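K.L.:
Contents of start_13.cif (mmCIF, C-alpha atoms) are below:
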```
data_work
loop_
_atom_site.label_atom_id
_atom_site.label_comp_id
_atom_site.auth_asym_id
_atom_site.auth_seq_id
_atom_site.Cartn_x
_atom_site.Cartn_y
_atom_site.Cartn_z
CA THR A 1 -19.64 3.16 -21.53
CA ILE A 2 -16.09 4.53 -21.27
CA PRO A 3 -14.50 5.50 -24.60
CA SER A 4 -11.45 3.41 -25.42
CA ARG A 5 -9.29 6.54 -25.73
CA ILE A 6 -9.52 7.04 -21.97
CA LYS A 7 -6.62 5.22 -20.36
CA SER A 8 -7.20 4.38 -16.73
CA LYS A 9 -4.59 5.78 -14.37
CA PRO A 10 -3.67 3.58 -11.39
CA PHE A 11 -4.39 5.19 -8.06
CA ALA A 12 -3.73 3.60 -4.71
CA ILE A 13 -4.21 5.19 -1.35
CA ILE A 14 -2.82 4.14 2.02
CA LEU A 15 -5.06 5.34 4.79
CA GLU A 16 -3.34 5.87 8.10
CA SER A 17 -4.98 5.77 11.50
CA PRO A 18 -5.07 9.07 13.43
CA ARG A 19 -3.10 8.76 16.63
CA GLU A 20 -2.87 11.13 19.53
CA GLY A 21 -0.96 14.21 18.45
CA GLU A 22 -0.97 13.23 14.79
CA GLU A 23 -3.09 14.12 11.80
CA PRO A 24 -4.57 11.24 9.77
CA GLY A 25 -3.43 11.04 6.17
CA VAL A 26 -2.89 9.03 3.04
CA GLU A 27 0.02 8.37 0.76
CA GLU A 28 -0.17 7.75 -2.93
CA ALA A 29 1.13 4.48 -4.29
CA SER A 30 0.84 2.90 -7.70
CA LYS A 31 0.13 -0.54 -9.06
CA GLU A 32 -0.60 -1.31 -12.65
CA ASN A 33 -4.29 -1.45 -13.62
CA GLU A 34 -5.74 -1.57 -10.13
CA ILE A 35 -6.75 0.50 -7.18
CA GLU A 36 -5.52 -0.85 -3.89
CA ASP A 37 -6.46 0.60 -0.52
CA THR A 38 -4.74 -0.26 2.73
CA ALA A 39 -6.99 1.14 5.40
CA ALA A 40 -6.70 2.12 9.02
CA PRO A 41 -6.54 -0.43 11.83
CA GLU A 42 -9.80 -1.85 13.08
CA GLY A 43 -11.91 0.65 14.99
CA THR A 44 -10.91 3.73 12.99
CA TYR A 45 -13.48 5.04 10.47
CA GLU A 46 -14.80 1.51 10.06
CA GLY A 47 -17.88 2.75 8.19
CA HIS A 48 -15.72 3.72 5.20
CA LEU A 49 -13.43 0.72 5.05
CA ASP A 50 -15.77 -1.26 2.80
CA TYR A 51 -15.88 1.63 0.34
CA LEU A 52 -12.12 1.95 0.26
CA HIS A 53 -11.62 -1.78 -0.30
CA ASP A 54 -14.24 -1.98 -3.08
CA VAL A 55 -11.90 -2.13 -6.08
CA VAL A 56 -14.71 -2.50 -8.64
CA ARG A 57 -16.55 0.56 -7.32
CA ASN A 58 -13.42 2.70 -7.11
CA LYS A 59 -12.28 1.67 -10.57
CA ALA A 60 -15.67 2.58 -12.03
CA TYR A 61 -15.58 6.00 -10.37
CA GLN A 62 -12.01 6.57 -11.56
CA GLU A 63 -12.86 5.80 -15.19
CA ALA A 64 -16.10 7.81 -15.12
CA ILE A 65 -14.34 10.87 -13.68
CA GLN A 66 -11.58 10.61 -16.28
CA TRP A 67 -14.17 10.31 -19.06
CA ALA A 68 -16.16 13.31 -17.76
CA LEU A 69 -13.08 15.52 -17.59
CA ALA A 70 -12.01 14.43 -21.07
CA GLU A 71 -15.39 15.59 -22.40
CA LEU A 72 -14.77 19.17 -21.23
CA PRO A 73 -12.89 21.92 -23.06
CA ALA A 74 -9.37 22.43 -21.75
CA ALA A 75 -10.29 25.71 -20.02
CA LYS A 76 -12.94 24.03 -17.87
CA GLY A 77 -12.76 21.50 -15.08
CA GLU A 78 -14.59 22.76 -11.96
CA VAL A 79 -15.64 19.73 -9.88
CA VAL A 80 -17.89 19.54 -6.82
CA ASP A 81 -17.72 16.38 -4.69
CA ILE A 82 -20.70 15.91 -2.37
CA GLY A 83 -20.02 13.83 0.74
CA THR A 84 -16.31 13.33 0.13
CA GLY A 85 -15.68 11.15 3.20
CA SER A 86 -11.98 10.31 3.20
CA GLY A 87 -11.50 12.42 0.06
CA LEU A 88 -10.89 9.56 -2.37
CA LEU A 89 -13.16 10.78 -5.18
CA ALA A 90 -11.91 14.35 -4.88
CA LEU A 91 -8.36 13.05 -5.17
CA LEU A 92 -9.29 10.98 -8.21
CA ALA A 93 -10.71 14.10 -9.86
CA ALA A 94 -7.58 16.10 -9.05
CA ARG A 95 -5.33 13.35 -10.36
CA ALA A 96 -7.38 13.15 -13.57
CA GLY A 97 -6.69 16.82 -14.28
CA ALA A 98 -9.52 18.82 -12.70
CA ARG A 99 -8.71 22.52 -12.49
CA ALA A 100 -10.38 22.90 -9.08
CA VAL A 101 -12.25 20.51 -6.78
CA THR A 102 -14.56 21.56 -3.96
CA ALA A 103 -15.29 18.68 -1.59
CA PHE A 104 -18.17 18.94 0.88
CA GLU A 105 -18.14 16.83 4.06
CA CYS A 106 -20.57 17.51 6.92
CA VAL A 107 -18.97 15.05 9.40
CA PRO A 108 -16.22 17.08 11.13
CA GLN A 109 -13.85 14.16 11.77
CA LEU A 110 -14.05 13.03 8.16
CA ALA A 111 -13.52 16.58 6.90
CA VAL A 112 -10.29 16.71 8.92
CA LEU A 113 -9.25 13.34 7.51
CA ALA A 114 -10.04 14.37 3.94
CA SER A 115 -8.08 17.62 4.29
CA ALA A 116 -5.07 15.73 5.60
CA ASN A 117 -5.34 13.21 2.75
CA VAL A 118 -5.42 16.01 0.20
CA GLU A 119 -2.28 17.60 1.62
CA ARG A 120 -0.48 14.28 1.98
CA ASN A 121 -1.09 13.52 -1.68
CA GLY A 122 0.11 16.93 -2.84
CA PHE A 123 -3.21 18.27 -4.18
CA GLY A 124 -3.68 21.11 -1.71
CA ASN A 125 -3.56 23.63 -4.55
CA VAL A 126 -6.40 21.87 -6.39
CA VAL A 127 -8.75 20.41 -3.75
CA ARG A 128 -10.38 22.30 -0.90
CA VAL A 129 -12.46 20.48 1.71
CA LEU A 130 -15.40 22.37 3.19
CA PRO A 131 -16.62 21.04 6.59
CA ILE A 132 -20.28 21.73 5.88
CA SER A 133 -23.27 20.18 4.14
CA SER A 134 -23.61 21.05 0.46
CA LEU A 135 -27.24 21.93 1.24
CA SER A 136 -25.96 25.06 2.99
CA ALA A 137 -24.89 26.58 -0.33
CA ARG A 138 -26.97 29.39 -1.84
CA GLN A 139 -27.02 30.95 -5.28
CA ASN A 140 -24.66 33.92 -5.66
CA GLY A 141 -25.32 35.49 -9.04
CA PRO A 142 -25.66 33.65 -12.35
CA HIS A 143 -22.37 31.71 -12.21
CA ALA A 144 -21.49 31.17 -8.54
CA TRP A 145 -22.65 30.01 -5.12
CA ARG A 146 -21.93 31.14 -1.58
CA LEU A 147 -21.81 29.65 1.92
CA PRO A 148 -22.80 31.10 5.29
CA GLY A 149 -20.29 32.87 7.51
CA SER A 150 -16.69 33.14 6.42
CA LEU A 151 -16.57 29.93 4.38
CA PRO A 152 -15.57 30.54 0.75
CA GLY A 153 -18.02 30.05 -2.07
CA GLY A 154 -17.23 28.95 -5.60
CA LEU A 155 -18.13 28.81 -9.27
CA HIS A 156 -20.77 26.56 -10.74
CA ALA A 157 -19.36 23.10 -11.40
CA ASP A 158 -18.79 21.42 -14.74
CA ILE A 159 -18.91 18.03 -13.00
CA LEU A 160 -20.85 16.84 -9.93
CA VAL A 161 -19.39 13.80 -8.16
CA SER A 162 -21.21 12.11 -5.30
CA GLU A 163 -21.25 8.88 -3.34
CA LEU A 164 -24.49 9.10 -1.40
CA LEU A 165 -25.75 5.67 -2.37
CA ASP A 166 -26.76 3.12 0.24
CA THR A 167 -28.43 -0.30 0.26
CA ASP A 168 -31.83 1.32 -0.30
CA LEU A 169 -30.32 3.58 -3.00
CA ILE A 170 -31.77 6.86 -1.74
CA GLY A 171 -31.54 6.47 2.06
CA GLU A 172 -28.63 8.90 2.55
CA GLY A 173 -30.43 11.97 1.25
CA LEU A 174 -29.40 11.34 -2.34
CA LEU A 175 -32.37 12.97 -4.05
CA PRO A 176 -32.58 16.26 -2.11
CA SER A 177 -28.80 16.65 -2.23
CA LEU A 178 -28.61 16.18 -6.00
CA ARG A 179 -31.69 18.31 -6.69
CA HIS A 180 -30.12 21.12 -4.69
CA ALA A 181 -26.69 20.61 -6.29
CA THR A 182 -27.97 20.72 -9.86
CA ARG A 183 -29.93 23.89 -9.06
CA VAL A 184 -27.34 25.78 -6.96
CA LEU A 185 -23.86 24.27 -7.38
CA ALA A 186 -23.68 23.21 -11.01
CA LYS A 187 -23.91 24.58 -14.51
CA PRO A 188 -27.08 23.67 -16.45
CA ASN A 189 -25.20 21.15 -18.61
CA ALA A 190 -23.02 19.71 -15.83
CA ILE A 191 -22.02 16.05 -15.99
CA CYS A 192 -23.08 13.97 -12.97
CA VAL A 193 -21.02 11.01 -11.75
CA PRO A 194 -22.91 8.77 -11.32
CA HIS A 195 -25.69 9.99 -13.62
CA SER A 196 -28.19 7.16 -13.21
CA ALA A 197 -29.00 4.10 -11.11
CA MET A 198 -31.04 0.95 -11.41
CA LEU A 199 -33.12 -0.39 -8.54
CA ILE A 200 -34.04 -4.08 -8.75
CA VAL A 201 -36.94 -5.23 -6.56
CA GLN A 202 -37.75 -8.79 -5.52
CA LEU A 203 -41.09 -9.61 -3.92
CA VAL A 204 -40.81 -11.86 -0.87
CA HIS A 205 -43.27 -13.41 1.57
CA ALA A 206 -41.88 -12.88 5.06
CA PRO A 207 -44.52 -12.65 7.83
CA PRO A 208 -41.94 -11.84 10.58
CA LEU A 209 -40.69 -8.82 8.61
CA TRP A 210 -44.28 -7.71 7.97
CA GLN A 211 -45.13 -7.99 11.65
CA ALA A 212 -42.02 -6.00 12.62
CA GLN A 213 -43.34 -3.04 10.61
CA GLN A 214 -46.74 -2.93 12.31
CA LEU A 215 -47.45 -0.24 14.91
CA ALA A 216 -50.15 -2.19 16.72
#
```
Mind turning the file's structure into structure tokens?
P.N.:
Amino acid sequence: TIPSRIKSKPFAIILESPREGEEPGVEEASKENEIEDTAAPEGTYEGHLDYLHDVVRNKAYQEAIQWALAELPAAKGEVVDIGTGSGLLALLAARAGARAVTAFECVPQLAVLASANVERNGFGNVVRVLPISSLSARQNGPHAWRLPGSLPGGLHADILVSELLDTDLIGEGLLPSLRHATRVLAKPNAICVPHSAMLIVQLVHAPPLWQAQQLA
């Protein structure tokens, strides 16, 4: 549950289509008590359009991130976002007052998009987008982690944010990513958003589906 003292901040993002010679980006807008997303024209990053238009999902993430940051002492606020995509959750964390946000994105095109969105929204001094899988991070002393090559490392996070959920719940590498993150990227008492999930199963009798799974 979200404590009543946490007042939800409206956050709207306008996602622009990358055109030849231009960088993709977003602009911040504001509407009372809602998140509204106007996404790119059809054919551009279509896999993320459903996420961006899911007002209930985005609102829940916004309130959970605000609650998590409100639980921390004022001097804290390191956030790691795993699989940032267009950068929406990283931007929500920055807007809610995070001191620093590290956003991992292993898809190069999306990392470029997220970086542009961060700059367009004026959070370049808070959010950094790393174009690499979070699984590449390694422990670097008791309070930090490092990355291969010249990529910068960081401090252990107070909050872990992720959106690696799919229809099957764990199909996008959710479990290994979070196990690694809690061991390498986060403090022992870090808050995870989301921190739990419920999987509801319904038995069905479907001979065609059963036959489709047979090897012989």
K.L.:
List the residues selected by the PyMOL selection byres ((chain A and resi 79) around 7) in the file shown, writing them as a PyMOL selection string.
P.N.:
chain A and resi 77-78+80-81+98+100-102+157-160
K.L.:
Evaluate the PyMOL selection byres ((chain A and resi 133-150) around 7) and record the selected residues as a list in words, following the chain and residue labels used in the document.
P.N.:
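Against this file, the PyMOL selection byres ((chain A and resi 133-150) around 7) returns the residues Ile82, Phe104, Glu105, Cys106, Ile132, Leu151, Pro152, Gly153, Gly154, Leu155, His156, Ser177, His180, Val184 and Leu185 of chain A.
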K.L.:
Specify as a VMD selection string each residue included when the PyMOL selection byres ((chain A and resi 169) around 12) is applied to this file.
P.N.:
chain A and resid 163 to 168 170 to 175 196 to 201
K.L.:
Report, in Å to a single decimal, how far apart atom CA of A:Leu72 and atom CA of A:Leu88 are.
P.N.:
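Interatomic distance, atom CA of A:Leu88 to atom CA of A:Leu72: 21.5 Å.
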K.L.:
Please measure the separation of atom CA of A:Pro131 and atom CA of A:Trp67, giving the value in Å to one decimal.
P.N.:
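So the two atoms, atom CA of A:Pro131 and atom CA of A:Trp67, lie 27.9 Å apart.
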K.L.:
Would you work out the distance separating atom CA of A:Ser86 from atom CA of A:Tyr51, expressed in Å to one decimal?
P.N.:
9.9 Å
K.L.:
Quick one: of A:Ala103, A:Val127, A:Gln214, A:Ile191, who's nearest to A:Glu71, counting only C-alpha atoms?
P.N.:
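Among the listed residues, A:Ile191 lies closest to A:Glu71.
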K.L.:
Within 10 Å of A:Ile65, counting all atoms listed in the file, which residues show up once you throw out same-chain ones fewer than 2 positions away? Write them as a VMD selection string, please.
P.N.:
chain A and resid 59 to 63 67 to 71 79 89 to 90 92 to 98 159 to 161 191 to 194
K.L.:
Provide stretch 170-188 of chain A rebuilt to N, CA, C and O atoms, formatted as a PDB file, in the coordinates of the input.
P.N.:
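Output contents, as saved in rebuild04.pdb:
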```pdb
ATOM      1  N   ILE A 170     -31.559   5.427  -1.996  1.00  0.00           N
ATOM      2  CA  ILE A 170     -31.770   6.860  -1.740  1.00  0.00           C
ATOM      3  C   ILE A 170     -31.845   7.174  -0.255  1.00  0.00           C
ATOM      4  O   ILE A 170     -32.308   8.248   0.139  1.00  0.00           O
ATOM      5  N   GLY A 171     -31.377   6.280   0.613  1.00  0.00           N
ATOM      6  CA  GLY A 171     -31.540   6.470   2.060  1.00  0.00           C
ATOM      7  C   GLY A 171     -30.631   7.510   2.672  1.00  0.00           C
ATOM      8  O   GLY A 171     -30.860   7.940   3.799  1.00  0.00           O
ATOM      9  N   GLU A 172     -29.569   7.941   1.987  1.00  0.00           N
ATOM     10  CA  GLU A 172     -28.630   8.900   2.550  1.00  0.00           C
ATOM     11  C   GLU A 172     -28.868  10.327   2.055  1.00  0.00           C
ATOM     12  O   GLU A 172     -27.951  11.138   1.978  1.00  0.00           O
ATOM     13  N   GLY A 173     -30.121  10.626   1.717  1.00  0.00           N
ATOM     14  CA  GLY A 173     -30.430  11.970   1.250  1.00  0.00           C
ATOM     15  C   GLY A 173     -29.979  12.243  -0.156  1.00  0.00           C
ATOM     16  O   GLY A 173     -29.707  13.389  -0.526  1.00  0.00           O
ATOM     17  N   LEU A 174     -29.900  11.207  -0.974  1.00  0.00           N
ATOM     18  CA  LEU A 174     -29.400  11.340  -2.340  1.00  0.00           C
ATOM     19  C   LEU A 174     -30.219  12.328  -3.163  1.00  0.00           C
ATOM     20  O   LEU A 174     -29.673  13.245  -3.784  1.00  0.00           O
ATOM     21  N   LEU A 175     -31.536  12.156  -3.166  1.00  0.00           N
ATOM     22  CA  LEU A 175     -32.370  12.970  -4.050  1.00  0.00           C
ATOM     23  C   LEU A 175     -32.364  14.448  -3.687  1.00  0.00           C
ATOM     24  O   LEU A 175     -32.116  15.299  -4.554  1.00  0.00           O
ATOM     25  N   PRO A 176     -32.630  14.819  -2.419  1.00  0.00           N
ATOM     26  CA  PRO A 176     -32.580  16.260  -2.110  1.00  0.00           C
ATOM     27  C   PRO A 176     -31.204  16.879  -2.322  1.00  0.00           C
ATOM     28  O   PRO A 176     -31.095  18.027  -2.755  1.00  0.00           O
ATOM     29  N   SER A 177     -30.157  16.122  -2.047  1.00  0.00           N
ATOM     30  CA  SER A 177     -28.800  16.650  -2.230  1.00  0.00           C
ATOM     31  C   SER A 177     -28.507  16.925  -3.700  1.00  0.00           C
ATOM     32  O   SER A 177     -27.949  17.969  -4.053  1.00  0.00           O
ATOM     33  N   LEU A 178     -28.883  15.998  -4.581  1.00  0.00           N
ATOM     34  CA  LEU A 178     -28.610  16.180  -6.000  1.00  0.00           C
ATOM     35  C   LEU A 178     -29.535  17.207  -6.630  1.00  0.00           C
ATOM     36  O   LEU A 178     -29.125  17.956  -7.527  1.00  0.00           O
ATOM     37  N   ARG A 179     -30.787  17.262  -6.177  1.00  0.00           N
ATOM     38  CA  ARG A 179     -31.690  18.310  -6.690  1.00  0.00           C
ATOM     39  C   ARG A 179     -31.125  19.681  -6.351  1.00  0.00           C
ATOM     40  O   ARG A 179     -31.099  20.584  -7.189  1.00  0.00           O
ATOM     41  N   HIS A 180     -30.690  19.839  -5.115  1.00  0.00           N
ATOM     42  CA  HIS A 180     -30.120  21.120  -4.690  1.00  0.00           C
ATOM     43  C   HIS A 180     -28.836  21.408  -5.469  1.00  0.00           C
ATOM     44  O   HIS A 180     -28.611  22.541  -5.923  1.00  0.00           O
ATOM     45  N   ALA A 181     -27.989  20.413  -5.621  1.00  0.00           N
ATOM     46  CA  ALA A 181     -26.690  20.610  -6.290  1.00  0.00           C
ATOM     47  C   ALA A 181     -26.872  21.023  -7.741  1.00  0.00           C
ATOM     48  O   ALA A 181     -26.182  21.915  -8.231  1.00  0.00           O
ATOM     49  N   THR A 182     -27.784  20.375  -8.453  1.00  0.00           N
ATOM     50  CA  THR A 182     -27.970  20.720  -9.860  1.00  0.00           C
ATOM     51  C   THR A 182     -28.584  22.112 -10.007  1.00  0.00           C
ATOM     52  O   THR A 182     -28.380  22.775 -11.026  1.00  0.00           O
ATOM     53  N   ARG A 183     -29.300  22.566  -8.997  1.00  0.00           N
ATOM     54  CA  ARG A 183     -29.930  23.890  -9.060  1.00  0.00           C
ATOM     55  C   ARG A 183     -28.994  25.000  -8.616  1.00  0.00           C
ATOM     56  O   ARG A 183     -29.007  26.100  -9.171  1.00  0.00           O
ATOM     57  N   VAL A 184     -28.132  24.731  -7.607  1.00  0.00           N
ATOM     58  CA  VAL A 184     -27.340  25.780  -6.960  1.00  0.00           C
ATOM     59  C   VAL A 184     -25.853  25.672  -7.249  1.00  0.00           C
ATOM     60  O   VAL A 184     -25.172  26.688  -7.430  1.00  0.00           O
ATOM     61  N   LEU A 185     -25.311  24.464  -7.316  1.00  0.00           N
ATOM     62  CA  LEU A 185     -23.860  24.270  -7.380  1.00  0.00           C
ATOM     63  C   LEU A 185     -23.313  24.024  -8.773  1.00  0.00           C
ATOM     64  O   LEU A 185     -22.103  24.134  -8.974  1.00  0.00           O
ATOM     65  N   ALA A 186     -24.169  23.679  -9.706  1.00  0.00           N
ATOM     66  CA  ALA A 186     -23.680  23.210 -11.010  1.00  0.00           C
ATOM     67  C   ALA A 186     -24.198  24.047 -12.163  1.00  0.00           C
ATOM     68  O   ALA A 186     -25.228  24.719 -12.066  1.00  0.00           O
ATOM     69  N   LYS A 187     -23.460  23.974 -13.260  1.00  0.00           N
ATOM     70  CA  LYS A 187     -23.910  24.580 -14.510  1.00  0.00           C
ATOM     71  C   LYS A 187     -25.083  23.767 -15.072  1.00  0.00           C
ATOM     72  O   LYS A 187     -25.231  22.579 -14.752  1.00  0.00           O
ATOM     73  N   PRO A 188     -25.906  24.386 -15.920  1.00  0.00           N
ATOM     74  CA  PRO A 188     -27.080  23.670 -16.450  1.00  0.00           C
ATOM     75  C   PRO A 188     -26.731  22.381 -17.185  1.00  0.00           C
ATOM     76  O   PRO A 188     -27.505  21.425 -17.161  1.00  0.00           O
TER      77      PRO A 188
END
```
